[in-house]
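Chemist: Okay, handing you the structure first.
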Amino acid sequence: MVIGSVKELIEGFRIANFGFSVIDKVLAGVLRVIRSGFLGLIPAPSNTEFPQFAAYLCSSLWHARNQLFHQGIAPSPSAIIEKVLAALNDYNREFERSRASDGDPLLESWRNAQPAPKMVNFFVDAAVRGDLVFIAVVALNGEGDFLDAVTAKVKCASPFEAECWALCHAFSLCLQMNCVDANFFSDCLSLVSAVRGSTIPSWKLTNLFLHLFSCLNFDAKCCVFWIPRKDNSLAHNVAAWAASHNIFRSLCVGDVALLVATLD
């Protein structure tokens with residue numbers, strides 16, 4: 001079962017890099033290495049660690065692909081697997097240390113985290129309409145006054161992916177506004193816990209999460225927090241309005257003020 005799941009991951013990566021025949025040899029070598037001596041070290045697909053392993057494997061394969069393509073350096077399949085397992089072990093140690101430090105489940109610690117006052121606060125939400133998602137990002141200052149807002153339309157495979165894209169757009173708006181001190185608020189607890197815990201809950205969203213992590217690492221003064229849905233009504237209303245009217249653009253204070261007055 002483990003080999004079958006890993007083969008599925010590698011096949012997806014191979015298809016994404018079709019025409020690059022050298023990568024096929026590397027991927028085949030990775031499977032041989034796993035079969036020969038690493039099989040017992042890889043978590044089963046039913047194990048909660050498997051998505052994290054898959055995310056690290058995809059990331060390492062992509063790094064190896066770039067190294068081979070740009071520098072002509074052929075990676076060692078055993079080195080790739082060793083790097084993935086080392087990263088997984090580091091993650092497990094940090095996860096256990098985080099749980100032991102506060103005595104509560106990690107999810108609850110993120111639920112109860114309290115933000116420090118910041119100059120700019122970004123609120124995000126997404127409205128799903130079939131395979132299309134309308135994203136809303138609203139920026140307010142520390143006193144709750146309107147600063148900026150934007151809506152966007154993207155294709156998504158799941159509501160969770162939609163919430164990820166909403167946070168990505170919030171980071172982009174933050175950069176456009178040249179913010180150096182900001183909080184980001186989402187009512188998606190699983191997303192907030194994953195971002196704050198530096199975990200990737202689905203290997204299919206690896207690129208999205210690596211982008212989110214890099215944005216937070218770029219500016220340590222930016223933090224992500226969970227808030228209840230009732231406290232995120234402004235972003236929720238903006239997303240619903242954008243979905244109803246097929247609107248994806250920058251918004252002015254007049255647009256947002258009208259929504260506050262007319263929507264629940």
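A note on labels: chains of the structure tokens are A, B, ... as shown, every chain counts residues from 1, and ligands are counted from 1 in their shown order.
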When you look at A:Leu175 with a cut-off of 12 Å (counting only C-alpha atoms), what residues show up, excluding the ones that are within fewer than 3 positions of it in the same chain? I need them as an NGL selection string.
Modeler: :A and (120 or 122 or 168-172 or 178-182 or 215-216 or 218-219 or 222)
Chemist: Between A:Leu147, A:Val195, A:Ala126, A:Ala235, which has the minimum distance to A:Leu208 (counting only C-alpha atoms)?
Modeler: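 Of the candidates, the smallest distance to A:Leu208 is held by A:Val195.
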Chemist: Need the shell around A:Ala162: protein/DNA/RNA residues with any atom at most 8 Å away, counting only C-alpha atoms. Skip same-chain ones fewer than 6 positions apart. Format as a PDB file with C-alpha atoms, in the first residue's frame?
Modeler:
```
ATOM      1  CA  ALA A 126     -14.141  32.704   0.201  1.00  0.00           C
ATOM      2  CA  VAL A 128     -17.607  28.630  -3.281  1.00  0.00           C
ATOM      3  CA  VAL A 133     -14.425  30.521  -5.833  1.00  0.00           C
ATOM      4  CA  ILE A 135     -12.208  35.464  -2.669  1.00  0.00           C
ATOM      5  CA  CYS A 156     -10.474  25.425  -6.801  1.00  0.00           C
TER       6      CYS A 156
END
```
Chemist: Within 8 Å of A:Ile227, counting only C-alpha atoms, which residues qualify if same-chain residues fewer than 3 places away don't, as a list in words?
Modeler: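 The contact residues come out as Arg111, Phe185, Ser186, Asp187, Asp231 and Asn232 of chain A.
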Chemist: Select from stretch 107-172 of chain A everything DSSP, run on the backbone, classes as strand (DSSP E or B), then give the selection as a PyMOL selection string.
Modeler: chain A and resi 120-129+132-141+146-155
Chemist: Let me see the file: selected residues, N, CA, C and O atoms, as a compact mmCIF listing (two decimals), in the first residue's frame.
Modeler:
```txt
# COMPACT_ATOMS: atom_id res chain seq x y z
N VAL A 120 -2.24 47.33 10.47
CA VAL A 120 -3.17 46.89 9.43
C VAL A 120 -3.64 45.48 9.75
O VAL A 120 -2.84 44.61 10.14
N ASN A 121 -4.94 45.25 9.60
CA ASN A 121 -5.53 43.94 9.84
C ASN A 121 -6.27 43.48 8.58
O ASN A 121 -7.14 44.20 8.07
N PHE A 122 -5.90 42.30 8.08
CA PHE A 122 -6.50 41.76 6.86
C PHE A 122 -7.48 40.64 7.22
O PHE A 122 -7.12 39.71 7.93
N PHE A 123 -8.70 40.74 6.70
CA PHE A 123 -9.73 39.74 6.94
C PHE A 123 -10.03 39.04 5.61
O PHE A 123 -10.24 39.72 4.59
N VAL A 124 -10.06 37.70 5.63
CA VAL A 124 -10.22 36.95 4.39
C VAL A 124 -11.36 35.96 4.50
O VAL A 124 -11.68 35.46 5.58
N ASP A 125 -11.98 35.68 3.35
CA ASP A 125 -12.99 34.63 3.27
C ASP A 125 -13.18 34.27 1.80
O ASP A 125 -12.68 34.97 0.90
N ALA A 126 -13.91 33.18 1.57
CA ALA A 126 -14.14 32.70 0.20
C ALA A 126 -15.56 32.17 0.08
O ALA A 126 -16.08 31.53 1.00
N ALA A 127 -16.18 32.45 -1.06
CA ALA A 127 -17.52 31.93 -1.37
C ALA A 127 -17.39 30.95 -2.53
O ALA A 127 -16.94 31.31 -3.62
N VAL A 128 -17.77 29.69 -2.29
CA VAL A 128 -17.61 28.63 -3.28
C VAL A 128 -18.87 28.53 -4.13
O VAL A 128 -19.98 28.44 -3.60
N ARG A 129 -18.68 28.53 -5.44
CA ARG A 129 -19.78 28.36 -6.39
C ARG A 129 -19.36 27.30 -7.41
O ARG A 129 -18.79 27.60 -8.45
N LEU A 132 -15.78 27.20 -9.02
CA LEU A 132 -15.30 28.58 -8.96
C LEU A 132 -15.41 29.12 -7.54
O LEU A 132 -16.35 28.79 -6.81
N VAL A 133 -14.45 29.94 -7.18
CA VAL A 133 -14.43 30.52 -5.83
C VAL A 133 -14.20 32.02 -5.95
O VAL A 133 -13.34 32.48 -6.71
N PHE A 134 -14.98 32.76 -5.20
CA PHE A 134 -14.81 34.21 -5.12
C PHE A 134 -14.17 34.54 -3.77
O PHE A 134 -14.71 34.20 -2.72
N ILE A 135 -13.03 35.17 -3.85
CA ILE A 135 -12.21 35.46 -2.67
C ILE A 135 -12.37 36.93 -2.29
O ILE A 135 -12.47 37.80 -3.16
N ALA A 136 -12.40 37.19 -1.00
CA ALA A 136 -12.48 38.56 -0.51
C ALA A 136 -11.38 38.81 0.51
O ALA A 136 -11.12 37.97 1.38
N VAL A 137 -10.73 39.96 0.36
CA VAL A 137 -9.73 40.42 1.32
C VAL A 137 -10.08 41.86 1.68
O VAL A 137 -10.22 42.71 0.79
N VAL A 138 -10.25 42.12 2.96
CA VAL A 138 -10.58 43.47 3.43
C VAL A 138 -9.51 43.91 4.42
O VAL A 138 -9.21 43.18 5.38
N ALA A 139 -8.94 45.08 4.20
CA ALA A 139 -7.90 45.62 5.08
C ALA A 139 -8.44 46.78 5.90
O ALA A 139 -9.02 47.73 5.33
N LEU A 140 -8.30 46.69 7.22
CA LEU A 140 -8.74 47.75 8.13
C LEU A 140 -7.55 48.18 8.98
O LEU A 140 -6.62 47.40 9.22
N ASN A 141 -7.59 49.42 9.44
CA ASN A 141 -6.51 49.86 10.32
C ASN A 141 -6.82 49.44 11.76
O ASN A 141 -7.82 48.78 12.04
N PHE A 146 -11.69 51.55 7.18
CA PHE A 146 -11.38 50.92 5.90
C PHE A 146 -10.09 51.47 5.29
O PHE A 146 -9.87 52.68 5.26
N LEU A 147 -9.25 50.56 4.78
CA LEU A 147 -8.04 50.95 4.08
C LEU A 147 -8.06 50.49 2.62
O LEU A 147 -7.75 51.28 1.72
N ASP A 148 -8.41 49.24 2.41
CA ASP A 148 -8.40 48.70 1.05
C ASP A 148 -9.17 47.38 1.05
O ASP A 148 -9.42 46.79 2.11
N ALA A 149 -9.54 46.93 -0.15
CA ALA A 149 -10.22 45.64 -0.29
C ALA A 149 -10.09 45.17 -1.73
O ALA A 149 -9.93 45.98 -2.65
N VAL A 150 -10.15 43.86 -1.89
CA VAL A 150 -10.05 43.29 -3.24
C VAL A 150 -10.83 41.97 -3.28
O VAL A 150 -10.94 41.28 -2.25
N THR A 151 -11.42 41.68 -4.44
CA THR A 151 -12.03 40.37 -4.65
C THR A 151 -11.35 39.72 -5.85
O THR A 151 -10.81 40.40 -6.73
N ALA A 152 -11.37 38.39 -5.89
CA ALA A 152 -10.75 37.65 -6.99
C ALA A 152 -11.57 36.40 -7.26
O ALA A 152 -12.31 35.92 -6.39
N LYS A 153 -11.43 35.88 -8.49
CA LYS A 153 -12.13 34.65 -8.87
C LYS A 153 -11.10 33.63 -9.34
O LYS A 153 -10.28 33.91 -10.21
N VAL A 154 -11.14 32.45 -8.73
CA VAL A 154 -10.20 31.38 -9.08
C VAL A 154 -10.93 30.05 -9.14
O VAL A 154 -12.03 29.90 -8.59
N LYS A 155 -10.32 29.07 -9.80
CA LYS A 155 -10.84 27.72 -9.80
C LYS A 155 -10.19 26.93 -8.68
O LYS A 155 -8.98 26.98 -8.51
```
Chemist: Write out as a ChimeraX atom specification the set of residues from stretch 198-228 of chain A that DSSP, computed on the backbone, places in alpha helix (DSSP H).
Modeler: /A:206-218
